[in-house]
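Student: Right, I'll just put the structure down here and ask away after.
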Amino acid sequence: MSKKDIHDVRKPKQKSRRHFLGVLAGLAGSTATLGVLSQKDGPVELPLHEADFYKPHNLAG
Amino acid sequence: MNDVVCELCPRYCTIPAGGAGDCRVRVNLGGKLRATTYGRPSAVHIDPMEKKPLYHFHPGTSILSIATAGCNLHCRNCQNWQLSQRGGEEMEHIYRGMPDQIVDTTLNQGCQAIAYTYSDPIIFYEYVYDTAEAAQAVGLYNVFVTAGYINKAPLRKLCRVLNATNTDLKAFDDKFYRDNCSATLKPVLDALVIFREEGVWLEITNLVIPTLNDDMAMIRRMAHWIRDELGAGTPLHLSRYHPMYRMRNLPPTPTETLERARQEAMDVGLHYVYIGNLSGHKGSSTFCPHDGTLLIRRTGFWITEYHLTEDGRCPVCHEKIEGVWT
Ligand SMILES: [Zn+2]
């Protein structure tokens, strides 16, 4: 992964989203469909997903 | 007493209620372990396949690449520490991307594959699994870019929905893993063998760091192990280190070191040994192991010549070149 990607993660929200949209649209020549991966509608609560591969821990004795 | 034990990776974190595992993103809420970054990627990009790096898997195609915050390793030289060494709540932004949305986006952008990458996707395991399963159902490929520090049972399950992996083998030395990554070597070796057994296309990356893991005797031992346990046709990427994060006291790997390591690994019998992070070097191209014919020339992540036959053979001697070409 390049430094560019690291900077993408660190950019202010608006700028980075534009960049993100631009990258996707630029590379693939398409502009639609990205709302699902953006924050433009503000945060939407998702339920927290339960993990796989864990168990309750009980003390011995 | 609502403690839980996470059995996903060899750390086996015991996590009290309200606490998180060592990865920061698997959180115990009232006795139930929650994968808090599920559906919440913090990095989404389209990359060339060669950037993963995968050189023998659908070369020249684009791959939608996603990651969430968190990691179960803490490498002193992490390239992506702003993502990996943070919890989800510390990220400046988080996208919404449930598995079906990632699949739709991948299709809409004309990509054939999804990479789970950048941080270590082990820590967003459930998100990877569900996305990969949905992707597989519509004919997309799944690529897992990882350090391989995972327990056997979850890895075997995950392999059902994976097509390819680039797995780091950070050094052939347990002490290196303990000193620099807060991990251990054995589970990584086990994971490599499991990928091979489960039929997941496997390429290995070894980042060569001056004085820490550039001993040629160790490179030879690693190459022997790869040849004997995984097969001589397993591509090995020897990548150049650059000063990074908490390890800035060492110089970038000299070209001669990488060239010598490549020669050592090829002398042991590995067929495809590449030099990475050194754009334009001859060692980033693919040559026929039988007669030396140039098969694929690369500059950076781009393919500038391609001579393989449609069925993945050398055009001169017809040697079968290991890989997934079409
Ligand atoms: Zn040949």
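As shown in the structure tokens, the chain order sets the letters A, B, ...; within each chain, residues go from 1, and ligands are also counted from 1 in the order they appear.
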Fewer than 3 positions away in the same chain doesn't count, so skip those; otherwise give me all residues within 12 Å of Tyr177 of chain B, counting only C-alpha atoms, as a list in words.
Tutor: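 Counting only C-alpha atoms, the residues come to Leu73, His74, Cys75, Arg76, Ala147, Tyr149, Asp168, Leu169, Lys170, Ala171, Phe172, Asp173, Asp174, Asn180, Cys181, Ser182, Ala183, Thr184, Leu185, Lys186, Pro187, Val188, Leu212 and Asn213 of chain B.
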Student: Per residue of chain B within 6 Å of chain A, what are the shortest atom pair and its distance in Å to one decimal, counting only C-alpha atoms, with rows by chain and residue number, as JSON lines?
Tutor:
```
{"residue": "B:Asp3", "atom": "CA", "partner": "A:His57", "partner_atom": "CA", "distance": 5.2}
{"residue": "B:Val4", "atom": "CA", "partner": "A:Pro56", "partner_atom": "CA", "distance": 4.2}
{"residue": "B:Val5", "atom": "CA", "partner": "A:Lys55", "partner_atom": "CA", "distance": 5.4}
{"residue": "B:Cys6", "atom": "CA", "partner": "A:Tyr54", "partner_atom": "CA", "distance": 4.4}
{"residue": "B:Glu7", "atom": "CA", "partner": "A:Tyr54", "partner_atom": "CA", "distance": 5.1}
{"residue": "B:Leu8", "atom": "CA", "partner": "A:Phe53", "partner_atom": "CA", "distance": 5.6}
{"residue": "B:Leu33", "atom": "CA", "partner": "A:Ala51", "partner_atom": "CA", "distance": 5.4}
{"residue": "B:Arg34", "atom": "CA", "partner": "A:Glu50", "partner_atom": "CA", "distance": 4.4}
{"residue": "B:Ala35", "atom": "CA", "partner": "A:Ala51", "partner_atom": "CA", "distance": 5.1}
{"residue": "B:Thr36", "atom": "CA", "partner": "A:Leu48", "partner_atom": "CA", "distance": 5.8}
{"residue": "B:Tyr95", "atom": "CA", "partner": "A:Leu37", "partner_atom": "CA", "distance": 5.2}
{"residue": "B:Arg96", "atom": "CA", "partner": "A:Leu37", "partner_atom": "CA", "distance": 5.0}
{"residue": "B:Gly97", "atom": "CA", "partner": "A:Leu37", "partner_atom": "CA", "distance": 5.3}
{"residue": "B:Gln109", "atom": "CA", "partner": "A:Ala28", "partner_atom": "CA", "distance": 5.3}
```
Student: Tell me which of B:Leu83, B:Ile303, B:Cys317, B:Ala134 sits closest to His58 of chain B, counting only C-alpha atoms.
Tutor: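 Nearest candidate to His58 of chain B out of B:Leu83, B:Ile303, B:Cys317, B:Ala134: B:Ile303.
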Student: Give as a ChimeraX atom specification the residues surrounding ligand 1 up to a distance of 7 Å, considering only C-alpha atoms and all ligand atoms.
Tutor: /B:288-293,314-319
Student: What would the file look like if the residues just selected were written as a compact mmCIF listing (two decimals), in the first residue's frame with C-alpha atoms?
Tutor:
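New file out24.txt:
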```txt
# COMPACT_ATOMS: atom_id res chain seq x y z
CA CYS B 288 10.14 -19.05 -17.62
CA PRO B 289 11.83 -21.27 -15.03
CA HIS B 290 12.74 -23.74 -17.79
CA ASP B 291 14.40 -21.59 -20.45
CA GLY B 292 14.45 -18.06 -19.04
CA THR B 293 12.07 -16.54 -21.61
CA CYS B 314 5.76 -20.31 -21.98
CA PRO B 315 5.36 -19.49 -25.68
CA VAL B 316 8.81 -20.95 -26.46
CA CYS B 317 9.12 -24.22 -24.52
CA HIS B 318 5.44 -24.63 -23.46
CA GLU B 319 6.36 -25.02 -19.80
```
